[in-house]
$ cat coords00.cif   # mmCIF, C-alpha atoms
data_upload
loop_
_atom_site.label_atom_id
_atom_site.label_comp_id
_atom_site.auth_asym_id
_atom_site.auth_seq_id
_atom_site.Cartn_x
_atom_site.Cartn_y
_atom_site.Cartn_z
CA MET I 10 96.07 66.47 107.36
CA ILE I 11 99.70 65.65 106.55
CA GLU I 12 100.82 62.21 107.70
CA ARG I 13 104.09 61.72 109.53
CA GLY I 14 106.82 60.73 107.11
CA SER I 15 105.40 62.98 104.39
CA LYS I 16 107.43 65.46 102.37
CA ILE I 17 106.53 69.15 102.48
CA GLY I 18 107.77 71.89 100.17
CA ILE I 19 109.50 75.00 101.52
CA VAL I 20 109.54 78.09 99.28
CA CYS I 21 110.34 81.81 99.33
CA CYS I 22 107.96 83.54 96.95
CA SER I 23 108.68 86.98 98.41
CA ASN I 24 112.03 88.39 99.58
CA GLY I 25 114.86 85.85 99.82
CA GLN I 26 116.25 84.87 103.20
CA LYS I 27 119.52 86.44 104.26
CA LYS I 28 122.40 83.95 104.06
CA GLU I 29 123.66 84.92 107.51
CA TYR I 30 120.43 83.48 108.94
CA ALA I 31 120.89 80.10 107.28
CA TYR I 32 121.28 78.57 110.74
CA ARG I 33 117.65 79.48 111.50
CA ILE I 34 116.49 77.68 108.37
CA LYS I 35 118.51 74.68 109.54
CA ASP I 36 116.76 74.96 112.91
CA LEU I 37 113.41 74.86 111.14
CA GLU I 38 114.49 71.83 109.13
CA ASN I 39 115.45 70.05 112.35
CA VAL I 40 112.17 70.90 114.07
CA LEU I 41 110.16 69.59 111.13
CA PHE I 42 112.19 66.37 111.01
CA SER I 43 111.63 65.98 114.77
CA ILE I 44 107.86 65.80 114.26
CA GLY I 45 108.10 63.37 111.39
CA LEU I 46 107.90 65.70 108.38
CA GLN I 47 110.49 65.81 105.61
CA PRO I 48 111.08 69.38 104.38
CA VAL I 49 112.22 69.80 100.80
CA PHE I 50 113.64 73.25 100.08
CA SER I 51 113.34 74.99 96.73
CA ASP I 52 116.46 76.26 94.98
CA PHE I 53 115.34 79.84 95.58
CA ILE I 54 115.49 80.38 99.35
CA TYR I 55 118.38 82.80 99.90
CA GLU I 56 119.08 86.28 98.58
CA GLN I 57 121.22 86.19 95.45
CA GLU I 58 120.96 89.74 94.15
CA GLY I 59 119.43 92.33 96.41
CA VAL I 60 116.24 90.92 97.90
CA PHE I 61 115.79 88.45 95.04
CA SER I 62 116.33 84.72 95.52
CA GLY I 63 115.53 84.40 91.81
CA PHE I 64 113.47 86.02 89.09
CA ALA I 65 109.69 85.99 89.49
CA LYS I 66 109.37 83.23 86.88
CA GLU I 67 111.90 81.11 88.74
CA ARG I 68 110.19 81.56 92.09
CA ALA I 69 106.83 80.74 90.49
CA LYS I 70 108.26 77.61 88.87
CA ALA I 71 109.68 76.48 92.21
CA LEU I 72 106.21 76.75 93.72
CA MET I 73 104.53 74.99 90.81
CA ASP I 74 107.12 72.19 90.88
CA PHE I 75 105.94 71.38 94.40
CA TYR I 76 102.30 71.48 93.33
CA ARG I 77 103.08 69.01 90.53
CA ASP I 78 105.13 66.68 92.73
CA ASP I 79 102.79 64.02 94.15
CA GLU I 80 105.21 63.28 96.99
CA ILE I 81 104.83 66.82 98.36
CA LYS I 82 101.81 66.97 100.67
CA GLY I 83 101.85 70.65 101.66
CA ILE I 84 103.69 73.85 100.70
CA PHE I 85 104.97 76.38 103.22
CA ASP I 86 106.41 79.78 102.38
CA ILE I 87 108.98 81.12 104.86
CA SER I 88 109.34 84.61 103.38
CA GLY I 89 107.77 88.01 103.66
CA GLY I 90 108.57 91.45 102.32
CA ASP I 91 107.49 93.03 99.06
CA ILE I 92 107.86 91.00 95.88
CA ALA I 93 105.49 88.02 96.11
CA ASN I 94 102.92 89.51 93.73
CA GLY I 95 105.50 89.28 90.93
CA ILE I 96 104.90 85.53 90.65
CA LEU I 97 101.13 85.74 90.15
CA PRO I 98 101.06 85.81 86.31
CA TYR I 99 103.35 82.77 86.15
CA LEU I 100 101.33 80.39 88.33
CA ASP I 101 99.33 77.58 86.72
CA TYR I 102 95.97 78.02 88.39
CA ASP I 103 94.51 74.94 86.69
CA VAL I 104 97.12 72.78 88.40
CA ILE I 105 96.48 74.52 91.72
CA ALA I 106 92.73 74.05 91.32
CA ASP I 107 93.19 70.30 90.83
CA SER I 108 95.50 69.96 93.84
CA SER I 109 94.48 69.03 97.37
CA LYS I 110 97.61 70.66 98.83
CA LEU I 111 97.39 73.70 101.08
CA PHE I 112 99.67 76.67 100.55
CA TRP I 113 100.77 78.41 103.78
CA GLY I 114 102.30 81.88 104.11
CA TYR I 115 101.81 85.27 105.74
CA SER I 116 102.39 89.00 105.31
CA ASP I 117 103.37 89.66 101.68
CA LEU I 118 102.08 86.19 100.79
CA THR I 119 98.62 87.69 101.30
CA THR I 120 98.84 88.41 97.57
CA VAL I 121 99.32 84.74 96.70
CA LEU I 122 96.72 83.44 99.18
CA ASN I 123 94.02 85.69 97.78
CA ALA I 124 95.03 85.09 94.16
CA ILE I 125 94.72 81.34 94.72
CA TYR I 126 91.21 81.78 96.13
CA THR I 127 90.13 84.21 93.40
CA LYS I 128 91.43 82.11 90.51
CA THR I 129 90.65 78.62 91.83
CA GLY I 130 88.24 78.83 94.77
CA LYS I 131 90.82 76.93 96.82
CA ILE I 132 91.65 77.55 100.48
CA SER I 133 95.10 78.66 101.64
CA VAL I 134 96.39 79.42 105.13
CA LEU I 135 97.63 82.73 106.51
CA TYR I 136 100.36 81.46 108.84
CA GLN I 137 104.17 81.59 109.08
CA ILE I 138 105.75 78.23 109.82
CA ARG I 139 108.86 79.96 111.18
CA ASN I 140 106.77 80.68 114.30
CA LEU I 141 107.77 77.17 115.38
CA LEU I 142 111.23 78.59 116.15
CA TYR I 143 110.47 81.69 118.16
CA GLN I 144 109.50 82.78 121.66
CA HIS I 145 106.23 80.85 121.68
CA GLY I 146 107.61 77.94 119.70
CA GLU I 147 106.63 75.23 122.15
CA ARG I 148 102.95 76.13 122.05
CA GLN I 149 103.11 76.79 118.33
CA LEU I 150 104.55 73.32 117.78
CA GLU I 151 101.80 71.75 119.87
CA ASP I 152 99.11 73.57 117.88
CA PHE I 153 100.82 72.79 114.58
CA ILE I 154 100.98 69.06 115.34
CA ASN I 155 97.39 69.09 116.62
CA THR I 156 96.10 70.69 113.42
CA VAL I 157 98.41 69.68 110.58
CA ILE I 158 99.21 66.12 111.63
CA ALA I 159 96.37 65.14 113.99
CA ASP I 160 93.72 66.88 111.83
CA LYS I 161 92.19 68.82 114.72
CA ASN I 162 91.69 72.58 115.10
CA ALA I 163 93.98 74.13 117.73
CA LEU I 164 95.91 76.27 115.25
CA PHE I 165 92.70 77.78 113.87
CA ASP I 166 90.91 78.29 117.20
CA ILE I 167 90.87 82.08 117.34
CA LYS I 168 89.17 84.25 119.97
CA CYS I 169 87.28 87.36 118.83
CA ASP I 170 85.52 90.30 120.47
CA PHE I 171 82.89 92.35 118.67
CA ILE I 172 83.02 96.12 118.61
CA GLN I 173 79.98 96.40 116.32
CA GLN I 174 77.08 93.94 116.15
CA LYS I 175 77.30 90.41 117.54
CA GLU I 176 77.85 87.98 114.68
CA MET I 177 79.27 87.64 111.18
CA HIS I 178 79.59 84.86 108.68
CA GLY I 179 81.13 84.58 105.24
CA ILE I 180 84.19 83.47 103.31
CA VAL I 181 87.38 85.07 104.62
CA VAL I 182 89.49 87.20 102.27
CA GLY I 183 92.23 89.71 102.95
CA GLY I 184 95.19 89.56 105.32
CA ASN I 185 97.98 92.10 105.51
CA ILE I 186 96.27 95.33 104.48
CA ARG I 187 99.25 96.86 102.62
CA CYS I 188 99.95 93.73 100.65
CA PHE I 189 96.29 92.92 99.99
CA LEU I 190 95.85 96.27 98.27
CA LYS I 191 98.54 95.38 95.73
CA LEU I 192 95.78 93.28 94.12
CA ALA I 193 93.51 96.30 93.55
CA GLY I 194 92.60 96.64 89.87
CA THR I 195 93.96 93.19 89.00
CA GLU I 196 92.30 89.90 88.13
CA TYR I 197 93.58 88.50 91.42
CA MET I 198 91.52 90.68 93.78
CA PRO I 199 88.64 88.73 95.36
CA ASP I 200 85.03 89.84 95.02
CA PHE I 201 84.10 91.49 98.32
CA THR I 202 80.40 90.55 98.19
CA ASP I 203 79.29 88.88 101.45
CA LYS I 204 82.89 88.22 102.50
CA ILE I 205 84.53 88.63 105.88
CA LEU I 206 87.37 91.06 105.23
CA LEU I 207 90.40 90.28 107.40
CA LEU I 208 92.80 93.16 107.94
CA GLU I 209 96.08 93.19 109.89
CA SER I 210 99.47 94.86 109.61
CA TYR I 211 103.02 94.84 110.89
CA SER I 212 104.21 98.31 109.86
CA GLY I 213 102.33 101.55 109.41
CA ALA I 214 100.89 104.18 111.71
CA VAL I 215 97.69 106.25 111.49
CA ALA I 216 98.50 108.03 108.22
CA GLN I 217 99.21 104.79 106.39
CA MET I 218 96.10 103.06 107.76
CA GLU I 219 93.96 106.06 106.84
CA THR I 220 95.26 105.82 103.28
CA TYR I 221 94.59 102.09 103.02
CA LEU I 222 91.08 102.41 104.46
CA CYS I 223 90.32 105.28 102.08
CA GLN I 224 91.31 103.07 99.17
CA LEU I 225 89.13 100.19 100.37
CA LYS I 226 86.18 102.54 100.82
CA GLN I 227 86.67 104.08 97.38
CA MET I 228 86.76 100.57 95.92
CA GLY I 229 83.33 99.92 97.46
CA ALA I 230 84.63 97.15 99.72
CA PHE I 231 82.85 98.32 102.86
CA ASP I 232 79.49 98.45 101.06
CA LYS I 233 79.82 94.80 99.98
CA VAL I 234 81.41 92.86 102.83
CA ALA I 235 79.45 90.93 105.45
CA GLY I 236 81.85 91.92 108.20
CA ILE I 237 85.36 93.01 109.10
CA LEU I 238 87.80 91.06 111.25
CA LEU I 239 90.71 93.11 112.60
CA GLY I 240 93.87 91.27 113.58
CA THR I 241 96.86 92.90 115.21
CA PHE I 242 98.46 96.13 113.96
CA THR I 243 101.94 95.81 115.41
CA GLN I 244 103.40 99.28 114.90
CA MET I 245 100.17 101.06 115.81
CA GLU I 246 99.84 99.04 119.00
CA THR I 247 103.51 99.38 119.94
CA ASP I 248 103.40 103.15 119.42
CA GLN I 249 99.97 103.44 121.09
CA CYS I 250 98.71 105.42 118.12
CA ILE I 251 95.68 107.68 118.47
CA PRO I 252 93.21 107.02 116.98
CA ASP I 253 93.72 103.29 117.23
CA MET I 254 92.61 100.94 114.46
CA LYS I 255 89.28 100.13 116.12
CA THR I 256 88.38 103.81 116.19
CA LEU I 257 89.69 104.43 112.70
CA ILE I 258 87.78 101.62 111.02
CA ARG I 259 84.46 102.69 112.55
CA SER I 260 84.82 106.09 110.91
CA PHE I 261 84.79 104.39 107.50
CA VAL I 262 81.90 101.94 107.77
CA ARG I 263 78.19 101.95 108.52
CA SER I 264 77.15 101.34 112.12
CA ASP I 265 75.33 98.09 111.33
CA LEU I 266 78.35 96.39 109.74
CA PRO I 267 79.75 93.70 112.05
CA ILE I 268 83.31 94.32 113.22
CA ALA I 269 85.28 91.91 115.41
CA VAL I 270 88.85 92.11 116.69
CA THR I 271 91.30 89.34 117.51
CA GLY I 272 94.80 89.24 118.89
CA ASP I 273 95.27 85.78 117.38
CA ILE I 274 95.95 86.85 113.78
CA GLY I 275 98.84 89.02 112.66
CA HIS I 276 102.63 89.20 112.77
CA GLY I 277 103.26 88.22 116.39
CA THR I 278 105.13 85.03 117.19
CA ASP I 279 102.18 83.86 119.30
CA VAL I 280 99.52 84.08 116.57
CA LYS I 281 97.35 81.37 115.11
CA GLY I 282 96.40 80.66 111.51
CA ILE I 283 93.30 81.45 109.49
CA MET I 284 92.09 79.99 106.21
CA ILE I 285 91.71 82.42 103.33
CA GLY I 286 88.84 81.28 101.11
CA ARG I 287 87.02 79.32 103.80
CA ARG I 288 83.65 80.18 105.32
CA LEU I 289 83.88 81.38 108.91
CA GLU I 290 81.12 81.98 111.44
CA ILE I 291 81.86 84.25 114.40
CA TYR I 292 79.48 84.93 117.27
CA GLY I 293 79.82 87.34 120.15
#

$ encode --input "coords00.cif" --output "C-alpha cells"
Amino acid sequence: MIERGSKIGIVCCSNGQKKEYAYRIKDLENVLFSIGLQPVFSDFIYEQEGVFSGFAKERAKALMDFYRDDEIKGIFDISGGDIANGILPYLDYDVIADSSKLFWGYSDLTTVLNAIYTKTGKISVLYQIRNLLYQHGERQLEDFINTVIADKNALFDIKCDFIQQKEMHGIVVGGNIRCFLKLAGTEYMPDFTDKILLLESYSGAVAQMETYLCQLKQMGAFDKVAGILLGTFTQMETDQCIPDMKTLIRSFVRSDLPIAVTGDIGHGTDVKGIMIGRRLEIYG
C-alpha cells in the first residue's frame, strides 16, 4: 500500500520517451497528483540520442537512487522497447533485497522484473502505469486506487480459463516472451522448477512464437514448470494467425501440464497487473 501524499519514483529503464509526447507524461503527472500521489521523475525520461535517455549505468543509477530514497514509496517504469536488460549488471541487488518498495513495469521491463526476483527473491509487478491515461483509464484508475492506495486486490483480480487440466499453483515468472528470453544463459534467468510460466506478447506472428517456444523447450523449461499462463498475444490475435497461440503451445508440452489463458494480462490498455515472484493459485 502507498499512502496518499506519498512520493513515487518514475523511471525509464528501457527506451526513452519521445519529447513530442511530453504532454502525455504531464497528463500522467496530473492524474497521479489528483489521487494524492506525488510523482518524482528521474533525469532520464526522454530520448537524448536515438532511443537512449542515458547510458545504461545512468539509467540504473536513476533507479537505484529511488530505491535508496526513503521518501519514495514505490517505483514505476513508464517505458518499453528493447534496452532495459542493459541496466541489470549495474543494479545493487542487496539494496533492492532490503527494500519494501515494489517496482512496476511491463513489456521490456520483464527483464528487470525477473532479474529482481532471481537475485533477491522480491516481488515486482508486471503493469504499465500509463494505462491510467488511455481508453480504459477510468476503470484502470479505480482499480489502481483500490489496490495501490486502499490495499485491496482489484488490479490483480484476473480471470483465467483452462485449456489443459484444471488447476495450477506456483510462483509466477516470465512476462513478455521475447524480452524474457533475453535472460537465457545469464545469472538473471529464474529457475523454472515448479513455477507458473507467464507468457504474453505484443508483436510477433506464428514464426516468431515458434522460435521462442523452441528455445524454451530446448532450455528444458516445459519439463520443469508447474503450469503455463498465457496472456494476450496482440499481433497474433489481431491478424487471426493460424495456428493460434493456444494450439501452438500444446504442440510443445506434455498433455498433463496445466495451461490457462487470460485476457487480463498483456499489452492492452484494459489489462490488469500480475506479481512476478509471488505464488499464485489458479483453479478452473

$ residues_around --input "coords00.cif" --residues "Glu80 of chain I" --least-positions-apart "4" --cutoff "9 Å" --atoms "all atoms listed in the file" --output "VMD selection string"
chain I and resid 15 to 17 75

$ atom_distance --input "coords00.cif" --atom1 "atom CA of Asp91 of chain I" --atom2 "atom CA of Ala216 of chain I"
19.7 Å

$ resolve_selection --input "coords00.cif" --expression "the PyMOL selection byres ((chain I and resi 275-281) around 9)" --output "MDAnalysis selection string"
chainID I and resid 115:116 135:137 139:146 148:149 152 163:167 184:185 208:211 240:243 271:274 282:283

$ closest_residue --input "coords00.cif" --among "I:Arg288, I:Lys82, I:Lys191, I:Lys175" --to "Ile11 of chain I" --atoms "only C-alpha atoms"
I:Lys82

$ closest_residue --input "coords00.cif" --among "I:Cys250, I:Val49, I:Ile237, I:Leu97" --to "Met177 of chain I" --atoms "all atoms listed in the file"
I:Ile237
